[in-house]
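Dropping target04.tsv in here (TSV, C-alpha atoms and all ligand atoms):
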```tsv
chain	number	residue	atom	x	y	z
C	1	MET	CA	86.37	67.76	123.42
C	2	GLU	CA	89.00	70.45	123.56
C	3	ALA	CA	91.24	68.99	120.88
C	4	ALA	CA	88.41	68.36	118.47
C	5	SER	CA	87.11	71.91	118.73
C	6	THR	CA	90.45	73.67	118.36
C	7	HIS	CA	92.10	71.60	115.64
C	8	LYS	CA	91.17	71.88	112.03
C	9	PRO	CA	90.17	68.49	110.64
C	10	ALA	CA	92.95	66.76	108.76
C	11	TYR	CA	92.62	67.20	105.05
C	12	ASP	CA	94.20	65.71	102.02
C	13	ARG	CA	96.11	68.73	100.80
C	14	LEU	CA	97.65	66.99	97.82
C	15	ALA	CA	94.24	65.81	96.61
C	16	GLU	CA	92.87	69.36	96.87
C	17	LEU	CA	95.86	70.81	95.03
C	18	LYS	CA	95.42	68.26	92.25
C	19	ALA	CA	91.69	68.87	92.00
C	20	PHE	CA	92.31	72.61	91.73
C	21	ASP	CA	95.06	72.14	89.15
C	22	GLU	CA	92.88	69.83	87.08
C	23	THR	CA	90.21	72.50	86.67
C	24	LYS	CA	92.81	74.32	84.50
C	25	SER	CA	90.84	77.49	85.23
C	26	GLY	CA	93.01	78.95	87.96
C	27	VAL	CA	91.83	81.19	90.78
C	28	LYS	CA	89.88	83.09	88.14
C	29	GLY	CA	87.69	79.97	87.93
C	30	LEU	CA	87.09	80.07	91.71
C	31	SER	CA	86.37	83.78	91.53
C	32	ASP	CA	83.83	83.21	88.72
C	33	ALA	CA	82.17	80.57	90.92
C	34	GLU	CA	81.72	83.35	93.51
C	35	ILE	CA	83.12	81.34	96.39
C	36	THR	CA	82.86	83.21	99.69
C	37	HIS	CA	85.40	81.20	101.70
C	38	LEU	CA	89.00	80.75	100.74
C	39	PRO	CA	89.86	77.05	100.22
C	40	ARG	CA	92.47	75.80	102.68
C	41	ILE	CA	95.17	75.30	100.07
C	42	PHE	CA	95.40	79.11	99.87
C	43	HIS	CA	95.71	79.74	103.61
C	44	ALA	CA	99.19	81.17	104.21
C	45	PRO	CA	101.14	80.27	107.36
C	46	PRO	CA	101.07	83.20	109.83
C	47	HIS	CA	104.78	84.06	109.42
C	48	LEU	CA	104.13	84.93	105.76
C	49	LEU	CA	101.24	87.23	106.69
C	50	ASP	CA	103.23	89.70	108.81
C	51	ASN	CA	101.85	93.24	108.65
C	52	ILE	CA	99.53	92.56	105.80
C	53	SER	CA	97.39	95.62	106.54
C	54	PRO	CA	99.45	97.94	104.38
C	55	SER	CA	99.70	101.66	104.80
C	56	ALA	CA	97.76	102.00	101.54
C	57	ALA	CA	94.90	99.61	102.29
C	58	ALA	CA	94.38	100.57	105.92
C	59	PRO	CA	95.86	104.01	106.59
C	60	ASP	CA	96.08	104.81	110.25
C	61	PRO	CA	94.95	108.46	110.59
C	62	HIS	CA	96.76	108.85	113.91
C	63	HIS	CA	100.23	108.04	112.67
C	64	HIS	CA	101.45	111.22	111.06
C	65	HIS	CA	104.81	111.10	112.76
C	66	HIS	CA	106.54	108.31	110.88
C	67	PRO	CA	106.13	109.03	107.20
C	68	SER	CA	107.11	106.15	104.95
C	69	PRO	CA	110.37	106.65	103.10
C	70	ILE	CA	109.77	107.95	99.57
C	71	PHE	CA	109.96	105.18	97.02
C	72	PRO	CA	112.60	106.27	94.43
C	73	ILE	CA	111.41	107.60	91.06
C	74	ILE	CA	114.02	108.20	88.38
C	75	ASP	CA	113.31	110.35	85.33
C	76	LEU	CA	115.22	108.95	82.33
C	77	GLU	CA	114.66	112.08	80.23
C	78	GLY	CA	117.99	113.01	78.60
C	79	ALA	CA	119.68	109.67	79.36
C	80	THR	CA	120.65	109.08	75.74
C	81	ASP	CA	121.37	112.61	74.51
C	82	ASP	CA	122.48	114.79	77.41
C	83	PRO	CA	125.76	113.72	79.09
C	84	ALA	CA	125.17	115.83	82.22
C	85	LYS	CA	121.69	114.40	82.70
C	86	ARG	CA	122.97	110.90	82.00
C	87	ASN	CA	125.57	111.31	84.69
C	88	ALA	CA	122.95	112.43	87.22
C	89	ILE	CA	120.69	109.51	86.23
C	90	VAL	CA	123.52	107.01	86.65
C	91	ASN	CA	124.18	108.36	90.16
C	92	LYS	CA	120.52	108.01	91.10
C	93	LEU	CA	120.37	104.47	89.68
C	94	SER	CA	123.46	103.54	91.61
C	95	GLU	CA	122.05	104.87	94.87
C	96	ALA	CA	118.61	103.25	94.41
C	97	SER	CA	120.12	99.91	93.31
C	98	ALA	CA	122.44	99.86	96.31
C	99	ASN	CA	119.94	100.99	98.96
C	100	TRP	CA	116.54	99.84	97.74
C	101	GLY	CA	117.14	97.30	94.98
C	102	PHE	CA	113.97	98.83	93.55
C	103	PHE	CA	112.92	102.04	91.81
C	104	GLN	CA	110.37	103.36	89.34
C	105	ILE	CA	111.32	104.97	86.04
C	106	VAL	CA	109.44	107.59	84.02
C	107	ASN	CA	110.21	108.94	80.52
C	108	HIS	CA	111.48	105.48	79.67
C	109	GLY	CA	110.40	105.78	76.03
C	110	ILE	CA	107.54	103.24	76.01
C	111	PRO	CA	104.31	105.03	75.02
C	112	LEU	CA	101.51	105.13	77.59
C	113	THR	CA	99.11	103.62	75.04
C	114	THR	CA	101.39	100.57	74.72
C	115	LEU	CA	101.42	100.16	78.52
C	116	ASP	CA	97.63	100.45	78.69
C	117	GLU	CA	97.08	98.01	75.82
C	118	MET	CA	99.47	95.54	77.39
C	119	LYS	CA	97.54	95.59	80.67
C	120	SER	CA	94.24	95.15	78.87
C	121	GLY	CA	95.71	92.33	76.74
C	122	VAL	CA	96.64	90.43	79.92
C	123	ARG	CA	93.21	91.03	81.31
C	124	LYS	CA	91.61	89.72	78.11
C	125	PHE	CA	93.72	86.57	78.23
C	126	HIS	CA	92.64	85.73	81.77
C	127	GLU	CA	89.03	86.79	81.24
C	128	GLN	CA	88.43	84.88	78.01
C	129	ASP	CA	86.33	81.71	78.23
C	130	ALA	CA	87.90	79.08	80.43
C	131	GLU	CA	87.76	76.66	77.48
C	132	GLN	CA	89.99	79.01	75.50
C	133	ARG	CA	92.62	79.64	78.15
C	134	LYS	CA	92.72	75.97	79.22
C	135	GLN	CA	94.48	75.12	75.96
C	136	PHE	CA	97.55	76.86	77.32
C	137	TYR	CA	97.43	75.36	80.84
C	138	THR	CA	100.59	73.37	81.55
C	139	ARG	CA	103.30	72.65	84.11
C	140	ASN	CA	105.84	71.94	81.41
C	141	PHE	CA	108.10	74.93	81.94
C	142	SER	CA	110.11	74.24	78.81
C	143	SER	CA	107.02	75.19	76.83
C	144	ARG	CA	107.34	78.70	75.35
C	145	ILE	CA	103.86	79.64	76.55
C	146	VAL	CA	102.93	78.56	80.06
C	147	TYR	CA	99.56	79.31	81.66
C	148	ASN	CA	98.87	78.01	85.14
C	149	SER	CA	98.07	79.03	88.68
C	150	ASN	CA	101.10	79.09	91.01
C	151	PHE	CA	104.25	77.76	89.29
C	152	ASP	CA	105.13	76.24	92.68
C	153	LEU	CA	101.65	74.88	93.50
C	154	PHE	CA	103.01	71.49	94.58
C	155	THR	CA	106.23	72.68	96.22
C	156	GLY	CA	105.41	76.00	97.93
C	157	PRO	CA	103.98	76.23	101.47
C	158	ALA	CA	100.64	77.78	100.40
C	159	ALA	CA	99.02	78.60	97.10
C	160	ASN	CA	98.78	82.29	96.18
C	161	TRP	CA	95.67	84.01	94.88
C	162	ARG	CA	97.15	84.51	91.44
C	163	ASP	CA	97.13	83.08	87.92
C	164	THR	CA	99.93	83.60	85.42
C	165	VAL	CA	100.57	83.27	81.73
C	166	SER	CA	104.17	83.60	80.63
C	167	PHE	CA	105.75	84.02	77.24
C	168	ASN	CA	109.30	83.36	76.30
C	169	MET	CA	110.05	86.53	74.25
C	170	ALA	CA	113.82	86.85	73.76
C	171	PRO	CA	116.30	86.09	72.26
C	172	ASP	CA	113.92	84.44	69.81
C	173	PRO	CA	110.56	86.24	70.07
C	174	LEU	CA	107.28	84.45	69.52
C	175	LYS	CA	105.34	86.03	66.66
C	176	PRO	CA	101.81	87.38	67.15
C	177	GLU	CA	100.37	84.37	65.29
C	178	GLN	CA	102.18	81.98	67.67
C	179	LEU	CA	100.69	83.78	70.68
C	180	PRO	CA	97.13	83.67	72.08
C	181	THR	CA	94.80	85.57	69.74
C	182	VAL	CA	93.43	87.92	72.41
C	183	CYS	CA	96.83	89.44	73.22
C	184	GLY	CA	99.36	88.33	70.57
C	185	GLU	CA	99.86	91.68	68.83
C	186	ILE	CA	100.42	93.70	71.97
C	187	VAL	CA	102.62	91.06	73.65
C	188	ALA	CA	104.92	91.14	70.60
C	189	GLU	CA	104.91	94.95	70.49
C	190	TYR	CA	105.48	95.48	74.19
C	191	SER	CA	108.25	92.89	74.42
C	192	ALA	CA	110.15	94.56	71.56
C	193	GLU	CA	109.94	97.84	73.52
C	194	VAL	CA	111.15	96.16	76.70
C	195	VAL	CA	114.14	94.63	74.90
C	196	LYS	CA	115.18	98.14	73.78
C	197	LEU	CA	114.64	99.55	77.25
C	198	GLY	CA	116.71	96.69	78.68
C	199	ASP	CA	119.66	97.68	76.47
C	200	LEU	CA	119.55	101.19	77.91
C	201	LEU	CA	119.12	100.01	81.50
C	202	PHE	CA	122.05	97.58	81.29
C	203	GLU	CA	124.23	100.38	79.89
C	204	LEU	CA	123.27	102.70	82.72
C	205	LEU	CA	123.67	99.97	85.33
C	206	SER	CA	127.12	99.08	83.95
C	207	GLU	CA	128.12	102.73	84.34
C	208	ALA	CA	126.58	102.78	87.82
C	209	LEU	CA	128.92	99.91	88.73
C	210	GLY	CA	131.88	101.92	87.37
C	211	LEU	CA	132.23	99.58	84.36
C	212	ARG	CA	132.29	100.34	80.63
C	213	SER	CA	128.80	100.83	79.16
C	214	ASN	CA	128.63	97.51	77.33
C	215	TYR	CA	129.87	95.39	80.21
C	216	LEU	CA	126.58	93.83	81.32
C	217	LYS	CA	125.30	93.53	77.75
C	218	ASP	CA	128.46	91.61	76.84
C	219	LEU	CA	127.71	89.21	79.70
C	220	ASP	CA	124.37	88.50	77.95
C	221	CYS	CA	122.36	89.96	80.84
C	222	GLY	CA	119.83	91.44	78.41
C	223	ARG	CA	119.50	88.51	76.04
C	224	GLY	CA	116.77	86.30	77.45
C	225	ILE	CA	113.37	87.63	78.49
C	226	GLN	CA	110.49	85.85	80.06
C	227	MET	CA	107.32	87.92	80.11
C	228	VAL	CA	105.25	86.87	83.11
C	229	CYS	CA	101.68	88.19	83.03
C	230	HIS	CA	99.85	87.96	86.33
C	231	TYR	CA	96.16	88.18	87.16
C	232	TYR	CA	95.06	88.63	90.78
C	233	PRO	CA	91.24	88.42	91.03
C	234	ALA	CA	89.46	90.08	93.95
C	235	CYS	CA	89.87	87.69	96.85
C	236	PRO	CA	87.00	86.67	99.17
C	237	GLN	CA	89.28	86.62	102.26
C	238	PRO	CA	92.36	88.70	101.42
C	239	GLU	CA	93.56	88.66	105.04
C	240	LEU	CA	94.25	84.90	104.86
C	241	THR	CA	96.44	84.68	101.81
C	242	LEU	CA	98.79	86.55	99.47
C	243	GLY	CA	98.84	87.44	95.80
C	244	ALA	CA	102.54	86.55	95.78
C	245	THR	CA	104.50	85.28	98.78
C	246	LYS	CA	107.61	87.26	99.62
C	247	HIS	CA	110.48	86.41	97.32
C	248	ALA	CA	113.41	87.89	95.44
C	249	ASP	CA	113.68	87.46	91.66
C	250	ASN	CA	115.96	84.86	90.03
C	251	ASP	CA	117.21	87.14	87.28
C	252	PHE	CA	119.46	90.12	86.48
C	253	ILE	CA	116.69	92.71	86.52
C	254	THR	CA	112.91	92.75	86.29
C	255	VAL	CA	110.89	95.40	84.45
C	256	LEU	CA	107.43	95.42	85.99
C	257	LEU	CA	104.28	97.04	84.70
C	258	GLN	CA	101.51	97.22	87.29
C	259	ASP	CA	97.97	98.57	87.08
C	260	HIS	CA	96.23	101.02	89.45
C	261	ILE	CA	95.13	98.51	92.14
C	262	GLY	CA	98.35	98.39	94.18
C	263	GLY	CA	99.44	95.75	96.67
C	264	LEU	CA	103.08	95.35	95.63
C	265	GLN	CA	105.33	95.84	98.66
C	266	VAL	CA	109.08	95.93	99.06
C	267	LEU	CA	111.00	95.03	102.21
C	268	HIS	CA	113.06	98.15	102.90
C	269	GLN	CA	115.09	98.41	106.11
C	270	GLY	CA	112.92	95.78	107.75
C	271	LYS	CA	109.59	97.39	106.81
C	272	TRP	CA	107.10	96.62	104.07
C	273	ILE	CA	106.82	99.68	101.84
C	274	ASP	CA	104.08	100.06	99.21
C	275	VAL	CA	105.12	100.64	95.62
C	276	PRO	CA	102.71	103.39	94.56
C	277	PRO	CA	100.99	102.65	91.24
C	278	LEU	CA	101.78	105.32	88.61
C	279	PRO	CA	100.21	104.83	85.17
C	280	GLU	CA	103.22	106.12	83.22
C	281	ALA	CA	105.94	104.42	85.28
C	282	LEU	CA	107.67	101.06	85.18
C	283	VAL	CA	109.04	99.43	88.32
C	284	ILE	CA	112.58	98.11	88.04
C	285	ASN	CA	114.16	95.73	90.49
C	286	ILE	CA	117.59	94.18	90.82
C	287	GLY	CA	117.50	90.38	90.74
C	288	ASP	CA	119.66	87.79	92.49
C	289	PHE	CA	122.13	87.37	89.59
C	290	LEU	CA	122.93	91.07	89.53
C	291	GLN	CA	123.47	91.02	93.28
C	292	LEU	CA	125.74	88.02	92.82
C	293	ILE	CA	127.85	89.44	89.97
C	294	SER	CA	128.01	92.89	91.60
C	295	ASN	CA	129.25	91.16	94.78
C	296	ASP	CA	126.45	92.79	96.86
C	297	LYS	CA	127.01	96.32	95.53
C	298	PHE	CA	123.46	96.14	94.19
C	299	ILE	CA	120.84	94.29	96.20
C	300	SER	CA	118.07	91.91	95.22
C	301	VAL	CA	115.29	92.77	97.62
C	302	GLU	CA	112.35	90.72	98.81
C	303	HIS	CA	108.94	91.81	97.73
C	304	ARG	CA	105.40	90.45	97.84
C	305	VAL	CA	101.93	91.19	96.54
C	306	LEU	CA	98.98	91.43	98.92
C	307	ALA	CA	95.71	89.78	97.97
C	308	ASN	CA	93.14	92.48	97.27
C	309	SER	CA	89.39	92.90	97.54
C	310	MET	CA	89.03	95.46	94.73
C	311	GLY	CA	90.59	93.54	91.85
C	312	PRO	CA	91.26	92.12	89.45
C	313	ARG	CA	94.83	93.40	89.53
C	314	VAL	CA	97.01	92.89	86.49
C	315	SER	CA	100.80	93.08	86.23
C	316	VAL	CA	103.48	92.15	83.72
C	317	ALA	CA	106.95	91.20	84.95
C	318	CYS	CA	109.65	90.99	82.27
C	319	LEU	CA	112.45	88.90	83.74
C	320	PHE	CA	115.86	89.49	82.18
C	321	GLY	CA	117.67	86.24	82.79
C	322	THR	CA	119.54	84.06	80.41
C	323	TYR	CA	118.20	80.66	81.34
C	324	LEU	CA	115.83	80.58	78.38
C	325	PHE	CA	118.54	79.91	75.85
C	326	PRO	CA	121.25	77.29	76.33
C	327	ASN	CA	123.86	79.28	78.16
C	328	PRO	CA	126.87	77.44	79.57
C	329	ARG	CA	128.41	80.70	80.87
C	330	LYS	CA	129.34	80.71	84.53
C	331	TYR	CA	128.47	83.89	86.40
C	332	GLY	CA	130.48	84.97	89.39
C	333	PRO	CA	131.41	88.26	91.06
C	334	ILE	CA	132.86	90.65	88.44
C	335	GLU	CA	136.67	90.76	88.71
C	336	GLU	CA	136.89	94.53	88.25
C	337	LEU	CA	134.77	95.04	91.37
C	338	LEU	CA	136.92	92.84	93.62
C	339	SER	CA	139.89	93.80	95.75
C	340	GLU	CA	141.66	92.63	98.86
C	341	GLU	CA	139.12	94.51	100.99
C	342	ASN	CA	136.23	93.29	98.84
C	343	PRO	CA	136.83	89.61	98.08
C	344	ALA	CA	134.31	87.48	96.14
C	345	LYS	CA	131.29	86.65	98.28
C	346	TYR	CA	129.69	84.09	95.97
C	347	ARG	CA	130.69	81.03	94.03
C	348	GLU	CA	130.19	80.88	90.29
C	349	THR	CA	127.01	79.38	88.94
C	350	THR	CA	125.09	78.99	85.71
C	351	THR	CA	121.67	80.54	85.33
C	352	ALA	CA	120.20	77.07	84.74
C	353	GLU	CA	121.61	75.73	88.02
C	354	TYR	CA	120.43	78.79	89.93
C	355	VAL	CA	116.89	78.82	88.57
C	356	LEU	CA	116.48	75.10	89.19
C	357	CYS	CA	117.54	75.63	92.77
C	358	GLY	CA	114.99	78.45	93.22
C	359	ASN	CA	112.13	76.65	91.47
C	360	ASN	CA	112.61	73.46	93.46
C	361	LYS	CA	112.30	75.46	96.65
C	362	GLY	CA	109.21	77.43	95.52
C	363	LEU	CA	108.10	80.71	97.08
C	364	ASP	CA	108.73	79.75	100.70
C	365	GLY	CA	110.05	83.09	101.90
C	366	SER	CA	113.68	81.94	101.99
C	367	SER	CA	116.64	83.22	99.93
C	368	THR	CA	118.12	81.24	97.04
C	369	LEU	CA	121.15	83.52	96.95
C	370	LEU	CA	122.33	82.41	100.41
C	371	GLN	CA	122.89	78.92	99.01
C	372	PHE	CA	125.61	80.33	96.73
C	373	LYS	CA	127.45	82.29	99.40
C	374	LEU	CA	131.13	81.46	99.92
H	401	LIG	C1	107.20	88.71	90.08
H	401	LIG	C2	106.62	89.75	90.95
H	401	LIG	C3	105.01	91.51	91.27
H	401	LIG	C4	103.69	91.96	90.79
H	401	LIG	O1	106.58	88.35	89.05
H	401	LIG	O2	108.30	88.22	90.39
H	401	LIG	O3	107.18	90.02	91.97
H	401	LIG	O4	103.35	93.12	91.07
H	401	LIG	N1	105.50	90.39	90.56
H	401	LIG	O5	102.98	91.19	90.16
H	402	NI	NI	109.16	89.21	91.95
```
Write the structure described by the file as structure tokens, please.
Amino acid sequence: MEAASTHKPAYDRLAELKAFDETKSGVKGLSDAEITHLPRIFHAPPHLLDNISPSAAAPDPHHHHHPSPIFPIIDLEGATDDPAKRNAIVNKLSEASANWGFFQIVNHGIPLTTLDEMKSGVRKFHEQDAEQRKQFYTRNFSSRIVYNSNFDLFTGPAANWRDTVSFNMAPDPLKPEQLPTVCGEIVAEYSAEVVKLGDLLFELLSEALGLRSNYLKDLDCGRGIQMVCHYYPACPQPELTLGATKHADNDFITVLLQDHIGGLQVLHQGKWIDVPPLPEALVINIGDFLQLISNDKFISVEHRVLANSMGPRVSVACLFGTYLFPNPRKYGPIEELLSEENPAKYRETTTAEYVLCGNNKGLDGSSTLLQFKL
């Protein structure tokens, strides 16, 4: 009959999600089992799969006439010791933060060897024996080390083809011996570098907002860091799912290290733009809190990661947010930026309230920030 042939059979989605979660082996486990068909729990609804043939993965040789806008790259050379260069850098940061919400930085001071070792450390964590990594598998997000597949597995609209291990690394860093053996040393080393870089970025961003250099640091924007280490195995049917559903980040800024595979895309002026992988660069994006406190001067932009067929892809997102330490501070639009013509657009909130609101919703493609609009 017509209906029987066109409708997928009903299935017990919750039971399949639970069964997958109970393997504690993530999508890496499915990839090791060499499955050829993507289980239904990973099938994304069509509205989340818009234009998933990216310019990078499927270049159209006939379209030479509409070149993609150039993704901003900012050279930080001279930022700390050359006032003229610093001034030029601050202007570029301001422009990229206002128009893109995203940019890459080079000459950021973190050695290339540290970046490479960090990527291989993440790979080693996810590629160690399942029995080893299972010890860290949990959905208790107050744990300082959380390994699982899809933080929003039970709340989001579709599971992503991605596993994640995250480490709570500031203000009170985990020591190498408290971290997984395969990556402890490098996680500790890299996070110390990112904390230093964060200090510089928050100074430059304060200046880009026309505020004194320590303004954002004094608001504790740089104090808490969650280091989120993703692993995206090659996917058997990458056209049916995503590595990460479109979302904006619930933090002040994110410092992202990505490998050479690609697939990260940013929604810029209504179009998905690829973020080109560069081995020496870090990708920086403005998060929702910085949009909120800058009263929309800087924008927190939606981004996503395509599932790939060439992986694994590895990335490390360091989220600068303060929700990891008890922080009663209320964040609202910064007074100095407001005027009669530019009144506050958001109500005040705590980071804890905001993150809870975002996590309850999951990655469903909708904006958390809108819920705080006045
Ligand atoms: C994130 C994120 C992108 C990536 O962790 O919020 O957007 O390339 N990651 O993994
Ligand atoms: Ni993100």
For Leu209 in chain C: contacts at 9 Å, all atoms listed in the file, fewer than 3 positions along chain excluded, given as a compact mmCIF listing (two decimals) with C-alpha atoms, in the coordinates of the input:
```
# COMPACT_ATOMS: atom_id res chain seq x y z
CA SER C 94 123.46 103.54 91.61
CA LEU C 204 123.27 102.70 82.72
CA LEU C 205 123.67 99.97 85.33
CA SER C 206 127.12 99.08 83.95
CA ARG C 212 132.29 100.34 80.63
CA SER C 294 128.01 92.89 91.60
CA LYS C 297 127.01 96.32 95.53
CA PHE C 298 123.46 96.14 94.19
CA LEU C 337 134.77 95.04 91.37
```
Contact residues around range 227-234 of chain C with all atoms listed in the file at 8 Å, ignoring same-chain residues under 2 positions, as an MDAnalysis selection string: chainID C and resid 27:28 31 122:123 126 161:169 191 225 236 243 307:319
Point-to-point distance in Å for CA of Leu242 in chain C and CA of Ser53 in chain C: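 Between CA of Ser53 in chain C and CA of Leu242 in chain C the gap is 11.6 Å.
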Which residue of C:Leu356, C:Val305, C:Val182, C:Ala281 approaches Phe125 in chain C most closely, using all atoms listed in the file: C:Val182
Ligand NI 402 (chain H) neighbours within 7 Å using all atoms listed in the file, as a PyMOL selection string: chain C and resi 247-249+303
Find the smallest box with edges along x, y and z containing every listed atom of ligand LIG 401 (chain H), then add 5 Å on each side and report centre and edge lengths in Å to one decimal, as AutoDock Vina command-line options.
```
--center_x 105.6 --center_y 90.7 --center_z 90.5 --size_x 15.3 --size_y 14.9 --size_z 12.9
```
Counting only C-alpha atoms, the residue of C:Glu34, C:Asp82, C:Asp116, C:Asp50 that sits nearest Lys271 in chain C: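 Of all the options, C:Asp50 lies closest to Lys271 in chain C.
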For ligand LIG 401 (chain H), the nearest of the candidates C:Ser366, C:Thr350, C:Asn250, C:Ser142, counting only C-alpha atoms and all ligand atoms: C:Asn250
Of the listed residues C:Glu353, C:Glu302, C:Glu239, C:Asp218, that which approaches Pro326 in chain C most closely, counting all atoms listed in the file: C:Glu353
Separation of CA of Phe289 in chain C from CA of Ala352 in chain C in Å: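 Spanning CA of Ala352 in chain C to CA of Phe289 in chain C is a straight-line distance of 11.5 Å.
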Near-range 274-280 of chain C list (6 Å; all atoms listed in the file; drop same-chain fewer than 5 positions) as a PyMOL selection string: chain C and resi 112+260+262+264-265
Take the selection from the previous step and output its residues with C-alpha atoms, as a PDB file, in the frame of the given file.
```
ATOM      1  CA  LEU C 112     101.510 105.130  77.590  1.00  0.00           C
ATOM      2  CA  HIS C 260      96.230 101.020  89.450  1.00  0.00           C
ATOM      3  CA  GLY C 262      98.350  98.390  94.180  1.00  0.00           C
ATOM      4  CA  LEU C 264     103.080  95.350  95.630  1.00  0.00           C
ATOM      5  CA  GLN C 265     105.330  95.840  98.660  1.00  0.00           C
TER       6      GLN C 265
END
```
